[in-house]
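To start, the structure under review is shown below, and the notes come after it.
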Amino acid sequence: GPLRSEWHRAPANAKIVHEGQACVVKDDNISERIYTIREGDHLVLKCLVKGHPRPQVRWTKTAGSASDKFQETSIYNETLRIEGIQRVQGGRYYCKADNGVGVAAIKSIRVDVQYLDKPVLTVHQTISDVRGRFYQEKTVFLRCTVNSNPPARFIWKRGTIPIEQSKDQGVDIYEPLYTQGETEVLKLKNLRLKDFANYTCQVSVRNVCEIPDSSVTFLLTIGTTPPALRLSVNESLVVDPGKDVTLSCEVTAGLPKPTVTWSRYLNPLPRNSLVRDGTLELRSVTPADSGFYNCTAVNNVGNPAKRNVNLLVRSMGNLTFQITPDSNKDSESIQMGRDLKLSCHVDAEPQDKVNYTWYQNAVLIYNSDSLIVLHSDPDMAPGTSSLEIVDMKFRDQATYSCVASFPGSTVPELRVDINITQNSVTPPILTVPEGGQEVSVREGGTTDLVCLVDGKPRPPVLWSRADKDLTMPTGEWAVETRDGRLRLTNVTRDLMGAYRCQTAPYNGLNVKPRQAQVQLNVQYAPVLDPVFQDVRSPNYQFVTLRCIIQKSNPPHMASIQWTRNGEPLTSLTPNPQENPQLKFKLDPSNNGTYKCRVNNGVGSSTCTFNISSRPYNAEFYFDTPNPIRNLKGNNFSYNLQWTQREPVATDRIIGYWVNVRNRNQMNLFSKQIDKEPVKGGLMSYILTDLKIPLSYEIRLAPITTYSTGDYDDEFISSPHHVCGFEDKHICGFSQDRGDNFDWTRQNHLTQNPKRSSNTGPEMDRSGTKEGCYMYIEASSPRVPGDTARLLSPLYNVNAARGPNGSGRLPYCISFFYHMKGKQTGEVKSIASVDTKVWSLIGNQGPDWNQAHIIVNPSGPFQVVFQAIRGSGYEGDIAIDDVSVTKGKCKQENSVSNTGMYVTILL
């Protein structure tokens, strides 16, 4: 029988390595890695994963301490990158690798962000009745506070001399309770003359991460006093819109001279404001500038001095009215001999400063037995004025006017006229037009919901959702319409449901509101599952395809149609009211694409099934340590290894086609290998007679009795291969998914004609127009600091030691680079180790230059080229003819300056 391997699919495993600007990386006593970094530096963590199939990688993070809220972010890249890390981003980062085999691999690393702020020094004193000089015989406390990680060490100095508590009985240095090492106090007991001096609080984190010390100095004198303020205006200030407002805070005491600042409660200061020497100037104020303004004086002595101003800019909004029939008689209409109340309200700022005036037929109303004016009606909303008409007579039928104004202000007055007669005031009537109780509209369309309203005066209509938990499409809870028509545009199915219309109590009779409901029915095409499904099955077995109708409006299906490869299957007449399904026996003649198209009269949706007896593709195994073996002469062999995805899903796999091509896409040979797979089993085949330094594309496809599966391809090269990027597979190089943008393969013929002038190569390293190279374009949308990374294949080395056991065997990495442009950035290769082996930055002229680098790998390794966009668009970078050869480089590396980094990834 066929040979079978005893290898199995490998579960994932992972480890975290660091790149970027670490201060130190160490293991603590529970074997967890701790990555220390300075605030503002760049964090780069890489999750190195192994396993087959290739694992998926996800990064998550938890907070660094119990006081922080739990945080989690999910990043699906092998590289986690944080530019300019901040202190809140410290914590434990987890890398999870999962390939569906066994238990997912999880590794963690703790990121410790270190920082030191500038300390704040405040001076406090005991309170007592002291005669004579201000500070004599008083106790003064100098309190120094700082935020830092790790906790800072405090050093106190009087002048330039450090203060030692053990040598000075007049001082006491201590840490207050509950300050967690962030505060230290210098206590000066019963002040002496020598205590009047300069005091310096110096804080230090002992130069961790090269963070320098920070300090603050305070001069203590006999005249040292806390700040005091005097405000130029009253604490409440009312002004007209359009006026200029000046608010001044005068410092009346304080030494050192206090610093005065202005702020606004909850909101920033207005854009048109100007702060100068404790004075706040507001130009052409508007109602939006109203609010509480705070003036604060600080000199770090005692408590800050504060003053507040409540600025009110006069404004008046909508003026509304209400007509209330005699509520004692439960009336809804005007009747002679009954009481009647007219109410008037304006949304104003300040509300309590509004003056309401009532007129009857343009004549000012004074209080009498039959007409009573209430300037603030206790039965209404605050700021409402009412006119009560007692025991209404025919003479009381008139036009009443309510005028709202700010006396002495430039704000224009507002007026509303209300005509009161038995015929001019009638209760409202709300109706829904015939057939309008339910409105249907297609999703994405426009429709009107209509509630007709009548009455004198005709009140507005308020629309809201009948479900109180839902808002209107505008996000508001209610929408006012004058004519009762509510227009809805771009309707979605989320808007389906009942809508309530009701008469508003303002601008009409203040009676029980009239209500009605309109049902909105949103029609949409069927929602089906699955949208697409790949179905594999052995031949001559029954296959059942199910297209599930998850939801639809209307639910009644107008038609259901099955097709195969675009041709209708007319023999099928499924019941439109059931979930359609198709059952048939698969054979070599009816493989193909099956579609079920479902229509409900509004629209149609499709379930698509790709039905095949073709086997799934093979998956190359990538964890083999040494698949390449050098043979005599210029030959090498390659141990090709793979597993078969779902080998029993289709007909029995009897072997594999192996096809080998050279870099010119010429077939060298095709061969059938008689191997039957076992689920999870690892198969292998040794390719021989491969030539150094040529590279090859290997294509592999499973074979069954009836068909051949899709080809999977892999690019291999010997360690002596020179990659000129001529083939579309770019010699097995790949783009890093975690960078900002990609390298581009191009030649002279495919260059962008609009690319930046005076930058980039004209042709490849060999000087031919057809020759290709890898290239990054620095123009927009690229910004300074953007990176592009190109990963080489994994170079598998056999010998770990050189001749006669002398150390590790050296390898030479050689490549050509082109860096032309006055704003050229960096190129670098990044590694899992912090070994920088080559670097270059800046303009290198119009020619291709070659670099040679010697490395001594301990095992399989990768080269990663990273280009960093410089300060401008004139700085493109290209590489060509990359080779890795065994032994030392024959040429010396001519590059000596730094900026373009090359390291190896082990």
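Just so we're on the same page: first chain in the structure tokens is A, next is B, and so on; residues restart at 1 for each chain, and ligands are numbered from 1 in the order they show up.
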**Request:** Apply DSSP to the backbone of this structure and, from range 176-280 of chain A, keep only the residues in strand (DSSP E or B); write these as a ChimeraX atom specification.
**Result:** /A:183-188,198-204,214-219,225-231,236-239,245-255,259-264,273-276,279-280
**Request:** Please provide as a list in words all residues within 8 Å of Gly383 in chain A, with the sequence filter that same-chain residues fewer than 5 positions apart are discarded (counting only C-alpha atoms).
**Result:**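 Answer for this query is His345, Val346, Gln351, Asp352, Val354, Ser376 and Asp377 of chain A.
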Go ahead and save the picked residues with C-alpha atoms, as an mmCIF file, in the first residue's frame.
```cif
data_model
loop_
_atom_site.group_PDB
_atom_site.id
_atom_site.type_symbol
_atom_site.label_atom_id
_atom_site.label_comp_id
_atom_site.auth_asym_id
_atom_site.auth_seq_id
_atom_site.Cartn_x
_atom_site.Cartn_y
_atom_site.Cartn_z
ATOM 1 C CA HIS A 345 -44.699 81.493 27.905
ATOM 2 C CA VAL A 346 -41.362 82.323 26.296
ATOM 3 C CA GLN A 351 -36.180 83.443 32.646
ATOM 4 C CA ASP A 352 -37.033 85.417 35.771
ATOM 5 C CA VAL A 354 -38.899 88.499 31.413
ATOM 6 C CA SER A 376 -45.924 83.905 37.403
ATOM 7 C CA ASP A 377 -48.662 81.288 37.156
#
```
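Our summary of the geometry notes that CA of Pro459 in chain A is positioned 19.9 Å from CA of Leu387 in chain A.
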**Request:** Have a look at A:Leu231, A:Ile673, A:Val598, A:Ala104 and name the one nearest to Met557 in chain A; count only C-alpha atoms.
**Result:** A:Val598
Identify, on the basis of only C-alpha atoms, every residue whose closest approach to range 494-507 of chain A does not exceed 7 Å; exclude the query and any residue fewer than 6 positions from it along the same chain; express the result as a PDB file with all heavy atoms, in the first residue's frame.
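So the final result, stored in part_26.pdb, reads:
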```pdb
ATOM      1  N   THR A 320     -45.150  80.840  23.137  1.00  0.00           N
ATOM      2  CA  THR A 320     -46.302  79.945  22.955  1.00  0.00           C
ATOM      3  C   THR A 320     -47.440  80.393  23.867  1.00  0.00           C
ATOM      4  O   THR A 320     -47.229  81.119  24.839  1.00  0.00           O
ATOM      5  CB  THR A 320     -45.923  78.490  23.283  1.00  0.00           C
ATOM      6  OG1 THR A 320     -45.456  78.414  24.638  1.00  0.00           O
ATOM      7  CG2 THR A 320     -44.816  77.985  22.356  1.00  0.00           C
ATOM      8  N   PHE A 321     -48.657  79.934  23.512  1.00  0.00           N
ATOM      9  CA  PHE A 321     -49.825  80.304  24.318  1.00  0.00           C
ATOM     10  C   PHE A 321     -50.685  79.071  24.553  1.00  0.00           C
ATOM     11  O   PHE A 321     -50.567  78.059  23.853  1.00  0.00           O
ATOM     12  CB  PHE A 321     -50.646  81.405  23.630  1.00  0.00           C
ATOM     13  CG  PHE A 321     -51.330  80.946  22.375  1.00  0.00           C
ATOM     14  CD1 PHE A 321     -52.617  80.408  22.419  1.00  0.00           C
ATOM     15  CD2 PHE A 321     -50.688  81.038  21.145  1.00  0.00           C
ATOM     16  CE1 PHE A 321     -53.244  79.980  21.263  1.00  0.00           C
ATOM     17  CE2 PHE A 321     -51.317  80.615  19.995  1.00  0.00           C
ATOM     18  CZ  PHE A 321     -52.596  80.085  20.050  1.00  0.00           C
ATOM     19  N   GLN A 322     -51.542  79.158  25.552  1.00  0.00           N
ATOM     20  CA  GLN A 322     -52.519  78.109  25.846  1.00  0.00           C
ATOM     21  C   GLN A 322     -53.845  78.761  26.239  1.00  0.00           C
ATOM     22  O   GLN A 322     -53.851  79.805  26.902  1.00  0.00           O
ATOM     23  CB  GLN A 322     -52.036  77.203  26.992  1.00  0.00           C
ATOM     24  CG  GLN A 322     -50.858  76.320  26.625  1.00  0.00           C
ATOM     25  CD  GLN A 322     -50.365  75.524  27.817  1.00  0.00           C
ATOM     26  OE1 GLN A 322     -49.621  76.038  28.626  1.00  0.00           O
ATOM     27  NE2 GLN A 322     -50.796  74.275  27.926  1.00  0.00           N
ATOM     28  N   CYS A 451     -51.634  62.528  10.057  1.00  0.00           N
ATOM     29  CA  CYS A 451     -52.723  62.700  11.010  1.00  0.00           C
ATOM     30  C   CYS A 451     -53.317  64.081  10.752  1.00  0.00           C
ATOM     31  O   CYS A 451     -52.637  65.099  10.949  1.00  0.00           O
ATOM     32  CB  CYS A 451     -52.229  62.602  12.448  1.00  0.00           C
ATOM     33  SG  CYS A 451     -51.985  60.918  13.036  1.00  0.00           S
ATOM     34  N   PRO A 459     -53.893  73.346  16.563  1.00  0.00           N
ATOM     35  CA  PRO A 459     -52.651  73.107  17.316  1.00  0.00           C
ATOM     36  C   PRO A 459     -51.640  72.333  16.473  1.00  0.00           C
ATOM     37  O   PRO A 459     -51.994  71.669  15.500  1.00  0.00           O
ATOM     38  CB  PRO A 459     -53.128  72.271  18.507  1.00  0.00           C
ATOM     39  CG  PRO A 459     -54.294  71.507  17.953  1.00  0.00           C
ATOM     40  CD  PRO A 459     -54.967  72.411  16.957  1.00  0.00           C
ATOM     41  N   PRO A 460     -50.354  72.387  16.852  1.00  0.00           N
ATOM     42  CA  PRO A 460     -49.366  71.523  16.200  1.00  0.00           C
ATOM     43  C   PRO A 460     -49.617  70.061  16.577  1.00  0.00           C
ATOM     44  O   PRO A 460     -50.327  69.754  17.538  1.00  0.00           O
ATOM     45  CB  PRO A 460     -48.028  72.009  16.772  1.00  0.00           C
ATOM     46  CG  PRO A 460     -48.308  73.242  17.549  1.00  0.00           C
ATOM     47  CD  PRO A 460     -49.759  73.230  17.894  1.00  0.00           C
ATOM     48  N   VAL A 461     -49.021  69.152  15.791  1.00  0.00           N
ATOM     49  CA  VAL A 461     -49.124  67.717  16.062  1.00  0.00           C
ATOM     50  C   VAL A 461     -47.738  67.205  16.430  1.00  0.00           C
ATOM     51  O   VAL A 461     -46.748  67.482  15.741  1.00  0.00           O
ATOM     52  CB  VAL A 461     -49.667  66.961  14.833  1.00  0.00           C
ATOM     53  CG1 VAL A 461     -49.644  65.458  15.086  1.00  0.00           C
ATOM     54  CG2 VAL A 461     -51.083  67.426  14.505  1.00  0.00           C
ATOM     55  N   LEU A 462     -47.671  66.491  17.534  1.00  0.00           N
ATOM     56  CA  LEU A 462     -46.421  65.876  17.988  1.00  0.00           C
ATOM     57  C   LEU A 462     -46.413  64.393  17.614  1.00  0.00           C
ATOM     58  O   LEU A 462     -47.376  63.671  17.893  1.00  0.00           O
ATOM     59  CB  LEU A 462     -46.265  66.021  19.502  1.00  0.00           C
ATOM     60  CG  LEU A 462     -46.189  67.440  20.061  1.00  0.00           C
ATOM     61  CD1 LEU A 462     -46.034  67.409  21.570  1.00  0.00           C
ATOM     62  CD2 LEU A 462     -45.043  68.199  19.427  1.00  0.00           C
ATOM     63  N   TRP A 463     -45.308  63.967  16.965  1.00  0.00           N
ATOM     64  CA  TRP A 463     -45.135  62.563  16.579  1.00  0.00           C
ATOM     65  C   TRP A 463     -44.095  61.921  17.482  1.00  0.00           C
ATOM     66  O   TRP A 463     -43.057  62.512  17.787  1.00  0.00           O
ATOM     67  CB  TRP A 463     -44.673  62.443  15.129  1.00  0.00           C
ATOM     68  CG  TRP A 463     -45.752  62.715  14.123  1.00  0.00           C
ATOM     69  CD1 TRP A 463     -46.058  63.915  13.553  1.00  0.00           C
ATOM     70  CD2 TRP A 463     -46.654  61.769  13.566  1.00  0.00           C
ATOM     71  NE1 TRP A 463     -47.094  63.789  12.669  1.00  0.00           N
ATOM     72  CE2 TRP A 463     -47.481  62.473  12.649  1.00  0.00           C
ATOM     73  CE3 TRP A 463     -46.850  60.402  13.727  1.00  0.00           C
ATOM     74  CZ2 TRP A 463     -48.483  61.838  11.913  1.00  0.00           C
ATOM     75  CZ3 TRP A 463     -47.844  59.766  13.003  1.00  0.00           C
ATOM     76  CH2 TRP A 463     -48.660  60.485  12.101  1.00  0.00           C
ATOM     77  N   SER A 464     -44.370  60.690  17.897  1.00  0.00           N
ATOM     78  CA  SER A 464     -43.418  59.931  18.700  1.00  0.00           C
ATOM     79  C   SER A 464     -43.638  58.448  18.415  1.00  0.00           C
ATOM     80  O   SER A 464     -44.634  58.062  17.790  1.00  0.00           O
ATOM     81  CB  SER A 464     -43.585  60.217  20.196  1.00  0.00           C
ATOM     82  OG  SER A 464     -44.899  59.877  20.615  1.00  0.00           O
ATOM     83  N   ARG A 465     -42.692  57.614  18.866  1.00  0.00           N
ATOM     84  CA  ARG A 465     -42.843  56.169  18.700  1.00  0.00           C
ATOM     85  C   ARG A 465     -43.772  55.649  19.787  1.00  0.00           C
ATOM     86  O   ARG A 465     -43.700  56.070  20.950  1.00  0.00           O
ATOM     87  CB  ARG A 465     -41.491  55.457  18.799  1.00  0.00           C
ATOM     88  CG  ARG A 465     -40.444  55.892  17.778  1.00  0.00           C
ATOM     89  CD  ARG A 465     -40.783  55.431  16.374  1.00  0.00           C
ATOM     90  NE  ARG A 465     -40.658  54.007  16.194  1.00  0.00           N
ATOM     91  CZ  ARG A 465     -39.564  53.376  15.765  1.00  0.00           C
ATOM     92  NH1 ARG A 465     -38.471  54.097  15.497  1.00  0.00           N
ATOM     93  NH2 ARG A 465     -39.534  52.077  15.596  1.00  0.00           N
ATOM     94  N   ALA A 466     -44.642  54.716  19.406  1.00  0.00           N
ATOM     95  CA  ALA A 466     -45.540  54.125  20.403  1.00  0.00           C
ATOM     96  C   ALA A 466     -44.742  53.334  21.441  1.00  0.00           C
ATOM     97  O   ALA A 466     -45.143  53.248  22.602  1.00  0.00           O
ATOM     98  CB  ALA A 466     -46.574  53.226  19.717  1.00  0.00           C
ATOM     99  N   PRO A 513     -55.231  65.857  25.329  1.00  0.00           N
ATOM    100  CA  PRO A 513     -54.755  65.728  23.946  1.00  0.00           C
ATOM    101  C   PRO A 513     -55.501  64.646  23.173  1.00  0.00           C
ATOM    102  O   PRO A 513     -55.912  63.632  23.734  1.00  0.00           O
ATOM    103  CB  PRO A 513     -53.268  65.368  24.108  1.00  0.00           C
ATOM    104  CG  PRO A 513     -53.161  64.775  25.478  1.00  0.00           C
ATOM    105  CD  PRO A 513     -54.200  65.477  26.313  1.00  0.00           C
ATOM    106  N   ARG A 514     -55.692  64.902  21.875  1.00  0.00           N
ATOM    107  CA  ARG A 514     -56.266  63.900  20.968  1.00  0.00           C
ATOM    108  C   ARG A 514     -55.116  63.037  20.433  1.00  0.00           C
ATOM    109  O   ARG A 514     -54.053  63.567  20.089  1.00  0.00           O
ATOM    110  CB  ARG A 514     -56.985  64.576  19.806  1.00  0.00           C
ATOM    111  CG  ARG A 514     -58.418  65.023  20.078  1.00  0.00           C
ATOM    112  CD  ARG A 514     -58.624  65.770  21.343  1.00  0.00           C
ATOM    113  NE  ARG A 514     -59.978  66.334  21.412  1.00  0.00           N
ATOM    114  CZ  ARG A 514     -60.501  66.880  22.474  1.00  0.00           C
ATOM    115  NH1 ARG A 514     -59.792  66.951  23.596  1.00  0.00           N
ATOM    116  NH2 ARG A 514     -61.723  67.371  22.459  1.00  0.00           N
ATOM    117  N   GLN A 515     -55.339  61.734  20.369  1.00  0.00           N
ATOM    118  CA  GLN A 515     -54.280  60.825  19.959  1.00  0.00           C
ATOM    119  C   GLN A 515     -54.776  59.865  18.883  1.00  0.00           C
ATOM    120  O   GLN A 515     -55.969  59.585  18.778  1.00  0.00           O
ATOM    121  CB  GLN A 515     -53.772  59.994  21.148  1.00  0.00           C
ATOM    122  CG  GLN A 515     -53.084  60.798  22.232  1.00  0.00           C
ATOM    123  CD  GLN A 515     -52.466  59.901  23.290  1.00  0.00           C
ATOM    124  OE1 GLN A 515     -52.542  58.679  23.198  1.00  0.00           O
ATOM    125  NE2 GLN A 515     -51.856  60.503  24.302  1.00  0.00           N
ATOM    126  N   ALA A 516     -53.827  59.397  18.085  1.00  0.00           N
ATOM    127  CA  ALA A 516     -54.105  58.346  17.098  1.00  0.00           C
ATOM    128  C   ALA A 516     -52.780  57.629  16.823  1.00  0.00           C
ATOM    129  O   ALA A 516     -51.712  58.101  17.206  1.00  0.00           O
ATOM    130  CB  ALA A 516     -54.691  58.923  15.816  1.00  0.00           C
ATOM    131  N   GLN A 517     -52.853  56.478  16.160  1.00  0.00           N
ATOM    132  CA  GLN A 517     -51.651  55.713  15.828  1.00  0.00           C
ATOM    133  C   GLN A 517     -51.651  55.358  14.352  1.00  0.00           C
ATOM    134  O   GLN A 517     -52.713  55.124  13.751  1.00  0.00           O
ATOM    135  CB  GLN A 517     -51.547  54.426  16.658  1.00  0.00           C
ATOM    136  CG  GLN A 517     -51.092  54.655  18.082  1.00  0.00           C
ATOM    137  CD  GLN A 517     -50.642  53.372  18.761  1.00  0.00           C
ATOM    138  OE1 GLN A 517     -50.530  52.332  18.134  1.00  0.00           O
ATOM    139  NE2 GLN A 517     -50.382  53.461  20.064  1.00  0.00           N
ATOM    140  N   VAL A 518     -50.438  55.346  13.778  1.00  0.00           N
ATOM    141  CA  VAL A 518     -50.239  54.921  12.395  1.00  0.00           C
ATOM    142  C   VAL A 518     -49.170  53.834  12.399  1.00  0.00           C
ATOM    143  O   VAL A 518     -48.103  54.014  13.014  1.00  0.00           O
ATOM    144  CB  VAL A 518     -49.815  56.091  11.490  1.00  0.00           C
ATOM    145  CG1 VAL A 518     -49.538  55.605  10.071  1.00  0.00           C
ATOM    146  CG2 VAL A 518     -50.873  57.178  11.497  1.00  0.00           C
ATOM    147  N   GLN A 519     -49.440  52.716  11.746  1.00  0.00           N
ATOM    148  CA  GLN A 519     -48.495  51.605  11.690  1.00  0.00           C
ATOM    149  C   GLN A 519     -47.638  51.727  10.428  1.00  0.00           C
ATOM    150  O   GLN A 519     -48.167  51.825   9.319  1.00  0.00           O
ATOM    151  CB  GLN A 519     -49.249  50.263  11.677  1.00  0.00           C
ATOM    152  CG  GLN A 519     -48.364  49.038  11.762  1.00  0.00           C
ATOM    153  CD  GLN A 519     -47.788  48.831  13.146  1.00  0.00           C
ATOM    154  OE1 GLN A 519     -48.370  49.262  14.143  1.00  0.00           O
ATOM    155  NE2 GLN A 519     -46.637  48.184  13.219  1.00  0.00           N
ATOM    156  N   LEU A 520     -46.315  51.734  10.618  1.00  0.00           N
ATOM    157  CA  LEU A 520     -45.397  51.771   9.483  1.00  0.00           C
ATOM    158  C   LEU A 520     -44.905  50.363   9.194  1.00  0.00           C
ATOM    159  O   LEU A 520     -44.318  49.707  10.063  1.00  0.00           O
ATOM    160  CB  LEU A 520     -44.209  52.694   9.783  1.00  0.00           C
ATOM    161  CG  LEU A 520     -43.137  52.777   8.686  1.00  0.00           C
ATOM    162  CD1 LEU A 520     -43.710  53.370   7.414  1.00  0.00           C
ATOM    163  CD2 LEU A 520     -41.921  53.570   9.149  1.00  0.00           C
ATOM    164  N   ASN A 521     -45.124  49.913   7.991  1.00  0.00           N
ATOM    165  CA  ASN A 521     -44.700  48.583   7.564  1.00  0.00           C
ATOM    166  C   ASN A 521     -43.604  48.734   6.515  1.00  0.00           C
ATOM    167  O   ASN A 521     -43.840  49.258   5.430  1.00  0.00           O
ATOM    168  CB  ASN A 521     -45.906  47.820   6.986  1.00  0.00           C
ATOM    169  CG  ASN A 521     -45.528  46.418   6.536  1.00  0.00           C
ATOM    170  OD1 ASN A 521     -44.696  45.773   7.161  1.00  0.00           O
ATOM    171  ND2 ASN A 521     -46.124  45.950   5.456  1.00  0.00           N
ATOM    172  N   VAL A 522     -42.391  48.319   6.855  1.00  0.00           N
ATOM    173  CA  VAL A 522     -41.248  48.444   5.945  1.00  0.00           C
ATOM    174  C   VAL A 522     -41.027  47.104   5.257  1.00  0.00           C
ATOM    175  O   VAL A 522     -40.786  46.081   5.908  1.00  0.00           O
ATOM    176  CB  VAL A 522     -39.983  48.872   6.710  1.00  0.00           C
ATOM    177  CG1 VAL A 522     -38.812  49.040   5.745  1.00  0.00           C
ATOM    178  CG2 VAL A 522     -40.230  50.168   7.471  1.00  0.00           C
TER     179      VAL A 522
END
```
**Message:** I need the helix (DSSP H, G or I) residues of range 184-423 of chain A per DSSP on the backbone, written as an MDAnalysis selection string.
**Reply:** chainID A and resid 193:195 208:210 287:289 327:329 351:353 394:396
File dump, residues just selected, N, CA, C and O atoms, as a short mmCIF file (atom, residue, chain, number, x, y, z; two decimals), in the first residue's frame:
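Heads up, here's the output in part_15.cif:
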```
data_model
loop_
_atom_site.label_atom_id
_atom_site.label_comp_id
_atom_site.auth_asym_id
_atom_site.auth_seq_id
_atom_site.Cartn_x
_atom_site.Cartn_y
_atom_site.Cartn_z
N LEU A 193 15.55 82.83 61.28
CA LEU A 193 15.97 83.73 60.20
C LEU A 193 16.62 82.98 59.05
O LEU A 193 16.42 83.29 57.89
N LYS A 194 17.38 81.92 59.36
CA LYS A 194 18.06 81.21 58.29
C LYS A 194 17.08 80.39 57.44
O LYS A 194 17.44 79.92 56.36
N ASP A 195 15.83 80.24 57.97
CA ASP A 195 14.85 79.48 57.20
C ASP A 195 14.29 80.29 56.04
O ASP A 195 13.59 79.74 55.17
N VAL A 208 16.44 55.89 35.44
CA VAL A 208 15.90 54.75 34.70
C VAL A 208 15.44 55.24 33.33
O VAL A 208 14.92 56.35 33.18
N CYS A 209 15.62 54.42 32.33
CA CYS A 209 15.25 54.79 30.95
C CYS A 209 15.87 56.12 30.54
O CYS A 209 15.28 56.85 29.72
N GLU A 210 17.00 56.51 31.19
CA GLU A 210 17.67 57.77 30.91
C GLU A 210 16.78 58.98 31.16
O GLU A 210 16.88 60.00 30.49
N PRO A 287 -25.96 84.18 23.23
CA PRO A 287 -26.50 83.33 24.30
C PRO A 287 -25.65 82.09 24.57
O PRO A 287 -25.63 81.58 25.70
N ALA A 288 -24.91 81.60 23.56
CA ALA A 288 -24.06 80.43 23.77
C ALA A 288 -22.90 80.72 24.71
O ALA A 288 -22.28 79.80 25.24
N ASP A 289 -22.59 82.03 24.93
CA ASP A 289 -21.49 82.39 25.82
C ASP A 289 -21.91 82.44 27.28
O ASP A 289 -21.07 82.68 28.16
N SER A 327 -61.60 74.84 34.12
CA SER A 327 -61.20 73.49 34.53
C SER A 327 -62.05 72.99 35.68
O SER A 327 -62.19 71.77 35.86
N ASN A 328 -62.63 73.90 36.44
CA ASN A 328 -63.48 73.46 37.56
C ASN A 328 -64.74 72.77 37.05
O ASN A 328 -65.32 71.94 37.76
N LYS A 329 -65.20 73.15 35.86
CA LYS A 329 -66.42 72.55 35.30
C LYS A 329 -66.09 71.45 34.28
O LYS A 329 -66.97 70.97 33.59
N GLN A 351 -34.73 83.64 32.67
CA GLN A 351 -36.18 83.44 32.65
C GLN A 351 -36.91 84.39 33.60
O GLN A 351 -37.97 84.93 33.28
N ASP A 352 -36.31 84.63 34.76
CA ASP A 352 -37.03 85.42 35.77
C ASP A 352 -37.00 86.91 35.48
O ASP A 352 -37.61 87.71 36.21
N LYS A 353 -36.28 87.35 34.45
CA LYS A 353 -36.22 88.77 34.13
C LYS A 353 -37.19 89.16 33.01
O LYS A 353 -37.22 90.32 32.59
N PHE A 394 -70.20 88.78 27.33
CA PHE A 394 -70.06 89.06 25.89
C PHE A 394 -69.01 90.15 25.65
O PHE A 394 -68.33 90.15 24.62
N ARG A 395 -68.90 91.08 26.59
CA ARG A 395 -67.92 92.15 26.41
C ARG A 395 -66.48 91.62 26.44
O ARG A 395 -65.54 92.30 26.00
N ASP A 396 -66.29 90.40 27.02
CA ASP A 396 -64.94 89.83 27.12
C ASP A 396 -64.50 89.15 25.82
O ASP A 396 -63.33 88.72 25.72
#
```
**Request:** Fewer than 2 positions away in the same chain doesn't count, so skip those; otherwise give me all residues within 9 Å of Pro119 in chain A, counting only C-alpha atoms, as a ChimeraX atom specification.
**Result:** /A:116-117,121,144-147,201-203,214-216
